[in-house]
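Next up, start-v9.cif (mmCIF, C-alpha atoms):
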data_model
loop_
_atom_site.label_atom_id
_atom_site.label_comp_id
_atom_site.auth_asym_id
_atom_site.auth_seq_id
_atom_site.Cartn_x
_atom_site.Cartn_y
_atom_site.Cartn_z
CA MET A 1 -15.04 15.79 -16.11
CA VAL A 2 -12.17 17.18 -14.07
CA TYR A 3 -11.57 15.60 -10.64
CA ALA A 4 -9.12 16.68 -7.96
CA TYR A 5 -7.84 14.26 -5.34
CA ILE A 6 -6.13 15.45 -2.16
CA ARG A 7 -5.13 13.52 0.95
CA VAL A 8 -3.63 14.26 4.36
CA SER A 9 -2.42 11.62 6.80
CA THR A 10 -3.69 12.93 10.14
CA GLU A 11 -6.70 14.74 11.56
CA LYS A 12 -4.47 17.66 12.60
CA GLN A 13 -3.61 18.42 8.98
CA ASP A 14 -5.93 20.27 6.62
CA PHE A 15 -6.42 20.48 2.88
CA THR A 16 -5.92 24.24 2.50
CA GLY A 17 -2.43 24.18 0.98
CA GLN A 18 -3.10 21.32 -1.44
CA LEU A 19 -6.47 22.72 -2.51
CA PHE A 20 -5.00 26.17 -3.15
CA ALA A 21 -2.23 24.67 -5.30
CA LEU A 22 -4.75 22.67 -7.32
CA GLN A 23 -7.00 25.66 -7.90
CA GLN A 24 -4.08 27.78 -9.06
CA TYR A 25 -2.91 25.02 -11.39
CA ALA A 26 -6.40 24.53 -12.83
CA GLU A 27 -6.79 28.25 -13.55
CA LEU A 28 -3.36 28.41 -15.16
CA HIS A 29 -4.22 25.51 -17.49
CA GLY A 30 -7.77 26.60 -18.24
CA LEU A 31 -9.42 23.76 -16.33
CA ARG A 32 -12.57 23.85 -14.22
CA ILE A 33 -12.62 21.36 -11.36
CA ASP A 34 -15.98 19.58 -11.24
CA GLU A 35 -15.40 17.55 -8.08
CA VAL A 36 -12.85 17.51 -5.28
CA VAL A 37 -12.26 14.29 -3.35
CA GLU A 38 -10.71 14.85 0.08
CA GLU A 39 -9.74 12.23 2.62
CA LYS A 40 -7.82 12.09 5.87
CA VAL A 41 -6.18 8.69 5.93
CA SER A 42 -2.70 7.25 6.13
CA GLY A 43 -1.06 6.38 2.84
CA LYS A 44 -0.44 2.91 4.31
CA VAL A 45 -4.14 2.06 4.00
CA PRO A 46 -4.78 -0.04 0.86
CA ARG A 47 -6.31 1.84 -2.06
CA ASN A 48 -9.44 -0.32 -2.10
CA LYS A 49 -10.20 0.86 1.45
CA ARG A 50 -9.77 4.54 0.62
CA ASP A 51 -11.82 7.11 -1.26
CA LEU A 52 -9.08 7.01 -3.89
CA GLY A 53 -10.15 3.49 -4.83
CA ILE A 54 -13.76 4.62 -5.24
CA LEU A 55 -12.62 7.56 -7.36
CA VAL A 56 -10.47 5.43 -9.66
CA GLU A 57 -13.44 3.11 -10.23
CA LYS A 58 -15.66 6.10 -10.95
CA LEU A 59 -13.38 7.73 -13.52
CA GLU A 60 -14.32 7.27 -17.16
CA ARG A 61 -12.40 7.50 -20.40
CA GLY A 62 -11.36 11.09 -21.13
CA ASP A 63 -11.72 12.33 -17.54
CA ILE A 64 -8.94 14.40 -15.98
CA LEU A 65 -7.45 13.75 -12.55
CA LEU A 66 -5.49 16.44 -10.73
CA THR A 67 -3.44 15.54 -7.65
CA PRO A 68 -0.76 17.47 -5.75
CA GLU A 69 1.96 14.87 -6.18
CA LEU A 70 2.65 11.28 -7.14
CA SER A 71 2.89 10.05 -3.55
CA ARG A 72 -0.84 10.74 -3.10
CA LEU A 73 -1.62 7.83 -5.45
CA GLY A 74 -0.05 4.95 -3.53
CA ARG A 75 1.35 3.61 -0.26
CA SER A 76 4.41 2.06 -1.93
CA THR A 77 6.21 2.07 -5.25
CA ALA A 78 4.36 -1.06 -6.37
CA ASP A 79 0.99 0.31 -5.24
CA THR A 80 1.64 3.60 -7.05
CA VAL A 81 2.59 1.78 -10.25
CA SER A 82 -0.61 -0.28 -10.02
CA THR A 83 -2.71 2.90 -9.76
CA ILE A 84 -0.83 4.57 -12.62
CA GLU A 85 -1.33 1.53 -14.86
CA GLU A 86 -5.06 1.33 -14.10
CA LEU A 87 -5.50 5.02 -14.87
CA LYS A 88 -3.57 4.55 -18.12
CA GLN A 89 -5.75 1.61 -19.17
CA LYS A 90 -8.88 3.66 -18.50
CA GLU A 91 -7.36 6.51 -20.59
CA ILE A 92 -7.50 9.03 -17.77
CA LYS A 93 -5.42 12.19 -18.16
CA VAL A 94 -3.39 12.57 -14.96
CA HIS A 95 -1.80 15.85 -13.84
CA LEU A 96 0.86 15.70 -11.11
CA ILE A 97 1.22 19.26 -9.82
CA LYS A 98 4.44 19.07 -7.81
CA GLU A 99 6.28 17.04 -10.46
CA ASN A 100 4.78 19.22 -13.23
CA LEU A 101 3.95 16.11 -15.27
CA ILE A 102 0.98 15.18 -17.43
CA SER A 103 0.22 11.65 -18.57
CA GLY A 104 0.90 10.97 -22.21
CA THR A 105 3.99 13.17 -22.31
CA PRO A 106 7.54 11.74 -22.70
CA ASN A 107 8.59 12.91 -19.23
CA TYR A 108 5.58 11.26 -17.61
CA GLU A 109 6.19 7.99 -19.43
CA PHE A 110 9.86 8.10 -18.42
CA MET A 111 8.91 8.64 -14.78
CA THR A 112 6.41 5.77 -14.74
CA THR A 113 8.99 3.46 -16.35
CA ILE A 114 11.43 4.26 -13.55
CA TYR A 115 8.77 3.58 -10.93
CA ALA A 116 7.92 0.26 -12.54
CA GLY A 117 11.60 -0.68 -12.42
CA LEU A 118 11.86 0.28 -8.76
CA ALA A 119 8.78 -1.79 -7.95
CA GLN A 120 10.34 -4.82 -9.63
CA MET A 121 13.55 -4.29 -7.65
CA GLU A 122 11.54 -4.16 -4.42
CA ARG A 123 9.86 -7.46 -5.24
CA GLN A 124 13.19 -9.08 -6.10
CA ARG A 125 14.80 -7.90 -2.86
CA ILE A 126 11.89 -9.25 -0.81
CA SER A 127 12.10 -12.56 -2.66
CA GLU A 128 15.85 -12.89 -2.10
CA ARG A 129 15.61 -12.03 1.60
CA THR A 130 12.86 -14.61 2.01
CA LYS A 131 14.89 -17.30 0.27
CA GLU A 132 17.91 -16.51 2.43
CA ALA A 133 15.79 -16.80 5.57
CA LEU A 134 14.36 -20.12 4.45
CA ARG A 135 17.82 -21.48 3.65
CA ALA A 136 19.01 -20.43 7.12
CA LYS A 137 16.04 -22.18 8.77
CA MET A 138 16.71 -25.34 6.76
CA ALA A 139 20.39 -25.25 7.76
CA GLN A 140 19.25 -25.14 11.40
CA GLY A 141 17.21 -28.29 10.86
CA GLN A 142 13.80 -26.59 10.89
CA LYS A 143 11.10 -28.10 8.73
CA ILE A 144 9.92 -25.82 5.93
CA GLY A 145 6.35 -25.89 4.66
CA HIS A 146 3.26 -27.60 6.06
CA TYR A 147 2.76 -31.14 7.22
CA LYS A 148 1.26 -33.82 4.99
CA GLY A 149 -2.50 -33.50 4.71
CA PHE A 150 -2.52 -29.91 6.00
CA LYS A 151 -4.92 -27.63 4.18
CA CYS A 152 -4.29 -23.92 4.49
CA THR A 153 -7.53 -21.96 4.62
CA ASN A 154 -5.86 -18.55 4.84
CA VAL A 155 -5.96 -18.08 1.09
CA LYS A 156 -6.21 -14.31 1.42
CA LEU A 157 -2.68 -14.10 2.82
CA THR A 158 -1.09 -16.75 0.59
CA PRO A 159 -0.17 -14.30 -2.24
CA TYR A 160 1.73 -12.22 0.32
CA THR A 161 3.81 -15.08 1.78
CA GLU A 162 7.15 -13.51 0.87
CA GLU A 163 6.16 -10.05 2.07
CA ILE A 164 4.88 -11.38 5.40
CA THR A 165 8.03 -13.43 5.95
CA ASN A 166 10.09 -10.31 5.30
CA TYR A 167 8.03 -8.32 7.82
CA LEU A 168 8.58 -11.03 10.43
CA LEU A 169 12.32 -10.88 9.78
CA GLN A 170 12.11 -7.14 10.43
CA GLY A 171 10.50 -7.84 13.81
CA LYS A 172 7.00 -6.69 12.83
CA SER A 173 4.17 -7.88 15.05
CA ILE A 174 1.21 -10.09 14.22
CA LEU A 175 -1.06 -7.09 14.78
CA PHE A 176 0.94 -5.07 12.26
CA ILE A 177 0.53 -7.81 9.64
CA ALA A 178 -3.18 -8.25 10.41
CA ASN A 179 -3.82 -4.51 10.01
CA LYS A 180 -1.73 -4.23 6.85
CA TYR A 181 -3.64 -6.98 5.04
CA SER A 182 -7.02 -6.20 6.64
CA VAL A 183 -7.53 -9.56 8.32
CA LYS A 184 -8.28 -10.65 11.87
CA TRP A 185 -5.39 -11.02 14.29
CA SER A 186 -6.19 -14.72 14.63
CA THR A 187 -6.09 -15.16 10.85
CA ALA A 188 -2.62 -13.64 10.67
CA ARG A 189 -1.49 -15.73 13.64
CA ASP A 190 -2.76 -18.98 12.13
CA PHE A 191 -1.18 -18.22 8.79
CA ILE A 192 2.22 -17.48 10.36
CA ARG A 193 2.02 -20.53 12.61
CA ASP A 194 0.53 -23.11 10.25
CA ARG A 195 1.69 -21.97 6.83
CA LEU A 196 5.03 -20.34 7.57
CA LYS A 197 5.89 -22.59 10.55
CA TRP A 198 7.19 -19.80 12.78
CA ASP A 199 7.66 -20.37 16.51
CA MET A 200 4.70 -18.42 17.87
CA SER A 201 5.92 -18.37 21.47
CA LYS A 202 9.02 -16.45 20.45
CA ILE A 203 7.10 -14.04 18.25
CA GLU A 204 4.43 -13.33 20.86
CA SER A 205 6.90 -12.85 23.70
CA CYS A 206 8.98 -10.28 21.84
CA THR A 207 6.06 -8.40 20.27
CA ARG A 208 3.50 -8.25 23.10
CA PHE A 209 4.50 -4.75 24.13
CA GLN A 210 4.73 -3.63 20.49
CA ASN A 211 1.19 -4.91 19.89
CA TYR A 212 -0.05 -2.87 22.83
CA CYS A 213 1.67 0.29 21.57
CA GLU A 214 0.35 -0.15 18.03
CA ALA A 215 -3.20 -0.75 19.23
CA LYS A 216 -3.02 2.30 21.47
CA LYS A 217 -1.71 4.44 18.61
CA ASN A 218 -4.46 3.21 16.29
CA ARG A 219 -7.13 4.15 18.84
CA ILE A 220 -5.66 7.65 19.11
CA VAL A 221 -5.48 8.11 15.32
CA ASN A 222 -8.98 6.80 14.73
#
Can you dump the structure from the file as structure tokens?
Amino acid sequence: MVYAYIRVSTEKQDFTGQLFALQQYAELHGLRIDEVVEEKVSGKVPRNKRDLGILVEKLERGDILLTPELSRLGRSTADTVSTIEELKQKEIKVHLIKENLISGTPNYEFMTTIYAGLAQMERQRISERTKEALRAKMAQGQKIGHYKGFKCTNVKLTPYTEEITNYLLQGKSILFIANKYSVKWSTARDFIRDRLKWDMSKIESCTRFQNYCEAKKNRIVN
């Protein structure tokens, strides 16, 4: 079967332009689109919470996926690479209209190799920034890690320790982190306080207004 996936980020946008481009492309390549998946959601939302995640699970070996451009498939380089790799393992033929690329071709493989390299560089930069921050905290006499006997129950956030530390260094709020990883605000707070040992009074005082603005924006978008 031939599937088409299109996405816009806000309610004010529509699918007309993307859908027209896909239809033209399909006709030019002799393809008949069996199903179109449309969703209005920010690319920052994790794939497993989007219709894209449902579609990827639904696809079967030999199916064809048409999408306007590579950026529709992920919220970051690493997320995009993850989607590309899963589609490759399932032997799905992917057509990227804007880039004029088809999976299985040399140009497509070259592009995905570059993206994989960029994703690795992103992870290395985050790791190095986190280590630098930890070294600075240790130099200031701050205790790193949790106290003896402490048991961290926030296992959902543990794999993202380095990323979360980096976001905190960028001045991101607890609400931002909670929304990004789809956890309760209190879960994010406890993880930052108990696992990462950040001074919560300083974080909360400098991000209170930012939290309010983000919450207000989310209500408007939703």
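Minimum atom-to-atom distances from A:Thr16, A:Thr187, A:Ser71, A:Asn100 to Leu175 in chain A were compared using all atoms listed in the file, and the lowest value belongs to A:Thr187.
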*Considering all atoms listed in the file, state which residue in the set A:Met1, A:Leu157, A:Ile192, A:Ile84 is at the smallest distance from Ile174 in chain A.*
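The answer is A:Ile192, which sits nearest to Ile174 in chain A.
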_Using the chain letters and numbers from this file, what does the PyMOL selection byres ((chain A and resi 4) around 7) select? Give the answer as a list in words._
Val2, Tyr3, Tyr5, Ile6, Ile33, Glu35, Val36, Val37, Leu65, Leu66 and Thr67 of chain A
Got a sec: who's within 12 Å of Thr113 in chain A, counting all atoms listed in the file, leaving out chain neighbours fewer than 5 positions off, as a PDB file with C-alpha atoms, keeping the file's coordinate frame?
ATOM      1  CA  THR A  77       6.210   2.070  -5.250  1.00  0.00           C
ATOM      2  CA  ALA A  78       4.360  -1.060  -6.370  1.00  0.00           C
ATOM      3  CA  THR A  80       1.640   3.600  -7.050  1.00  0.00           C
ATOM      4  CA  VAL A  81       2.590   1.780 -10.250  1.00  0.00           C
ATOM      5  CA  ILE A  84      -0.830   4.570 -12.620  1.00  0.00           C
ATOM      6  CA  GLU A  85      -1.330   1.530 -14.860  1.00  0.00           C
ATOM      7  CA  PRO A 106       7.540  11.740 -22.700  1.00  0.00           C
ATOM      8  CA  ASN A 107       8.590  12.910 -19.230  1.00  0.00           C
ATOM      9  CA  TYR A 108       5.580  11.260 -17.610  1.00  0.00           C
ATOM     10  CA  LEU A 118      11.860   0.280  -8.760  1.00  0.00           C
ATOM     11  CA  ALA A 119       8.780  -1.790  -7.950  1.00  0.00           C
ATOM     12  CA  GLN A 120      10.340  -4.820  -9.630  1.00  0.00           C
TER      13      GLN A 120
END
*asked:* I need the output of the PyMOL selection byres ((chain A and resi 87-94) around 6) for this file as a ChimeraX atom specification; which residues are they?
replied: /A:61-65,84-86,95,102-103
*asked:* With the PyMOL selection byres ((chain A and resi 123-140) around 12) as the selection, what would be picked from this file? Answer as an MDAnalysis selection string, please.
replied: chainID A and resid 76:79 116:122 141:145 160:170 196:199
*For CA of Phe176 in chain A and CA of Arg189 in chain A, quote the distance in Å rounded to one decimal.*
11.0 Å
Gln13 in chain A surroundings by only C-alpha atoms, 10 Å radius, close-in-sequence under 5 positions cut, as an mmCIF file with C-alpha atoms, in the frame of the given file:
data_model
loop_
_atom_site.group_PDB
_atom_site.id
_atom_site.type_symbol
_atom_site.label_atom_id
_atom_site.label_comp_id
_atom_site.auth_asym_id
_atom_site.auth_seq_id
_atom_site.Cartn_x
_atom_site.Cartn_y
_atom_site.Cartn_z
ATOM 1 C CA ARG A 7 -5.130 13.520 0.950
ATOM 2 C CA VAL A 8 -3.630 14.260 4.360
ATOM 3 C CA LYS A 40 -7.820 12.090 5.870
#
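Between CA of Gln23 in chain A and CA of Ile114 in chain A the interatomic distance comes to 28.8 Å.
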*asked:* Excluding Asn48 in chain A and its own-chain neighbours fewer than 3 positions away, which residues fall within 12 Å of it when counting only C-alpha atoms? Please give them as a PyMOL selection string.
replied: chain A and resi 43-45+51-57+73-75+79+82-83+181-182
*asked:* Can you tell me which residues surround Leu70 in chain A at a distance of at most 9 Å, considering all atoms listed in the file, apart from same-chain residues fewer than 5 positions away, and format the answer as a list in words?
replied: Thr80, Leu96, Ile97, Lys98 and Glu99 of chain A
*Point-to-point distance in Å for CA of Arg47 in chain A and CA of Phe191 in chain A*: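 Straight-line distance from CA of Phe191 in chain A to CA of Arg47 in chain A works out to 23.4 Å.
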*Residue among A:Leu31, A:Glu39, A:Ala188, A:Lys49 lying closest to Lys156 in chain A, counting all atoms listed in the file*: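 For Lys156 in chain A, the nearest of the given residues is A:Ala188.
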When you get a chance, write out N, CA, C and O atoms for range 164-179 of chain A, as a PDB file, keeping the file's coordinate frame.
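Dumped everything to out00.pdb:
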ATOM      1  N   ILE A 164       5.121 -11.145   3.976  1.00  0.00           N
ATOM      2  CA  ILE A 164       4.880 -11.380   5.400  1.00  0.00           C
ATOM      3  C   ILE A 164       6.123 -11.946   6.066  1.00  0.00           C
ATOM      4  O   ILE A 164       6.478 -11.540   7.182  1.00  0.00           O
ATOM      5  N   THR A 165       6.792 -12.870   5.395  1.00  0.00           N
ATOM      6  CA  THR A 165       8.030 -13.430   5.950  1.00  0.00           C
ATOM      7  C   THR A 165       9.062 -12.320   6.155  1.00  0.00           C
ATOM      8  O   THR A 165       9.752 -12.271   7.182  1.00  0.00           O
ATOM      9  N   ASN A 166       9.138 -11.421   5.192  1.00  0.00           N
ATOM     10  CA  ASN A 166      10.090 -10.310   5.300  1.00  0.00           C
ATOM     11  C   ASN A 166       9.743  -9.400   6.479  1.00  0.00           C
ATOM     12  O   ASN A 166      10.633  -8.957   7.220  1.00  0.00           O
ATOM     13  N   TYR A 167       8.451  -9.143   6.684  1.00  0.00           N
ATOM     14  CA  TYR A 167       8.030  -8.320   7.820  1.00  0.00           C
ATOM     15  C   TYR A 167       8.393  -8.992   9.152  1.00  0.00           C
ATOM     16  O   TYR A 167       8.828  -8.332  10.097  1.00  0.00           O
ATOM     17  N   LEU A 168       8.237 -10.302   9.213  1.00  0.00           N
ATOM     18  CA  LEU A 168       8.580 -11.030  10.430  1.00  0.00           C
ATOM     19  C   LEU A 168      10.082 -10.944  10.705  1.00  0.00           C
ATOM     20  O   LEU A 168      10.512 -10.784  11.847  1.00  0.00           O
ATOM     21  N   LEU A 169      10.867 -11.000   9.631  1.00  0.00           N
ATOM     22  CA  LEU A 169      12.320 -10.880   9.780  1.00  0.00           C
ATOM     23  C   LEU A 169      12.705  -9.494  10.276  1.00  0.00           C
ATOM     24  O   LEU A 169      13.755  -9.313  10.905  1.00  0.00           O
ATOM     25  N   GLN A 170      11.854  -8.516   9.974  1.00  0.00           N
ATOM     26  CA  GLN A 170      12.110  -7.140  10.430  1.00  0.00           C
ATOM     27  C   GLN A 170      11.619  -6.929  11.866  1.00  0.00           C
ATOM     28  O   GLN A 170      11.795  -5.855  12.428  1.00  0.00           O
ATOM     29  N   GLY A 171      10.991  -7.956  12.440  1.00  0.00           N
ATOM     30  CA  GLY A 171      10.500  -7.840  13.810  1.00  0.00           C
ATOM     31  C   GLY A 171       9.102  -7.265  13.920  1.00  0.00           C
ATOM     32  O   GLY A 171       8.671  -6.861  15.007  1.00  0.00           O
ATOM     33  N   LYS A 172       8.355  -7.227  12.802  1.00  0.00           N
ATOM     34  CA  LYS A 172       7.000  -6.690  12.830  1.00  0.00           C
ATOM     35  C   LYS A 172       6.078  -7.650  13.599  1.00  0.00           C
ATOM     36  O   LYS A 172       6.272  -8.861  13.595  1.00  0.00           O
ATOM     37  N   SER A 173       5.074  -7.089  14.236  1.00  0.00           N
ATOM     38  CA  SER A 173       4.170  -7.880  15.050  1.00  0.00           C
ATOM     39  C   SER A 173       3.050  -8.516  14.230  1.00  0.00           C
ATOM     40  O   SER A 173       2.798  -8.151  13.087  1.00  0.00           O
ATOM     41  N   ILE A 174       2.361  -9.460  14.863  1.00  0.00           N
ATOM     42  CA  ILE A 174       1.210 -10.090  14.220  1.00  0.00           C
ATOM     43  C   ILE A 174       0.123  -9.052  13.979  1.00  0.00           C
ATOM     44  O   ILE A 174      -0.546  -9.053  12.943  1.00  0.00           O
ATOM     45  N   LEU A 175      -0.052  -8.148  14.924  1.00  0.00           N
ATOM     46  CA  LEU A 175      -1.060  -7.090  14.780  1.00  0.00           C
ATOM     47  C   LEU A 175      -0.742  -6.203  13.587  1.00  0.00           C
ATOM     48  O   LEU A 175      -1.640  -5.811  12.830  1.00  0.00           O
ATOM     49  N   PHE A 176       0.526  -5.886  13.405  1.00  0.00           N
ATOM     50  CA  PHE A 176       0.940  -5.070  12.260  1.00  0.00           C
ATOM     51  C   PHE A 176       0.540  -5.763  10.956  1.00  0.00           C
ATOM     52  O   PHE A 176      -0.024  -5.139  10.047  1.00  0.00           O
ATOM     53  N   ILE A 177       0.835  -7.059  10.859  1.00  0.00           N
ATOM     54  CA  ILE A 177       0.530  -7.810   9.640  1.00  0.00           C
ATOM     55  C   ILE A 177      -0.982  -7.918   9.434  1.00  0.00           C
ATOM     56  O   ILE A 177      -1.483  -7.776   8.314  1.00  0.00           O
ATOM     57  N   ALA A 178      -1.718  -8.145  10.510  1.00  0.00           N
ATOM     58  CA  ALA A 178      -3.180  -8.250  10.410  1.00  0.00           C
ATOM     59  C   ALA A 178      -3.771  -6.932   9.891  1.00  0.00           C
ATOM     60  O   ALA A 178      -4.642  -6.931   9.010  1.00  0.00           O
ATOM     61  N   ASN A 179      -3.310  -5.809  10.435  1.00  0.00           N
ATOM     62  CA  ASN A 179      -3.820  -4.510  10.010  1.00  0.00           C
ATOM     63  C   ASN A 179      -3.434  -4.199   8.569  1.00  0.00           C
ATOM     64  O   ASN A 179      -4.234  -3.652   7.802  1.00  0.00           O
TER      65      ASN A 179
END
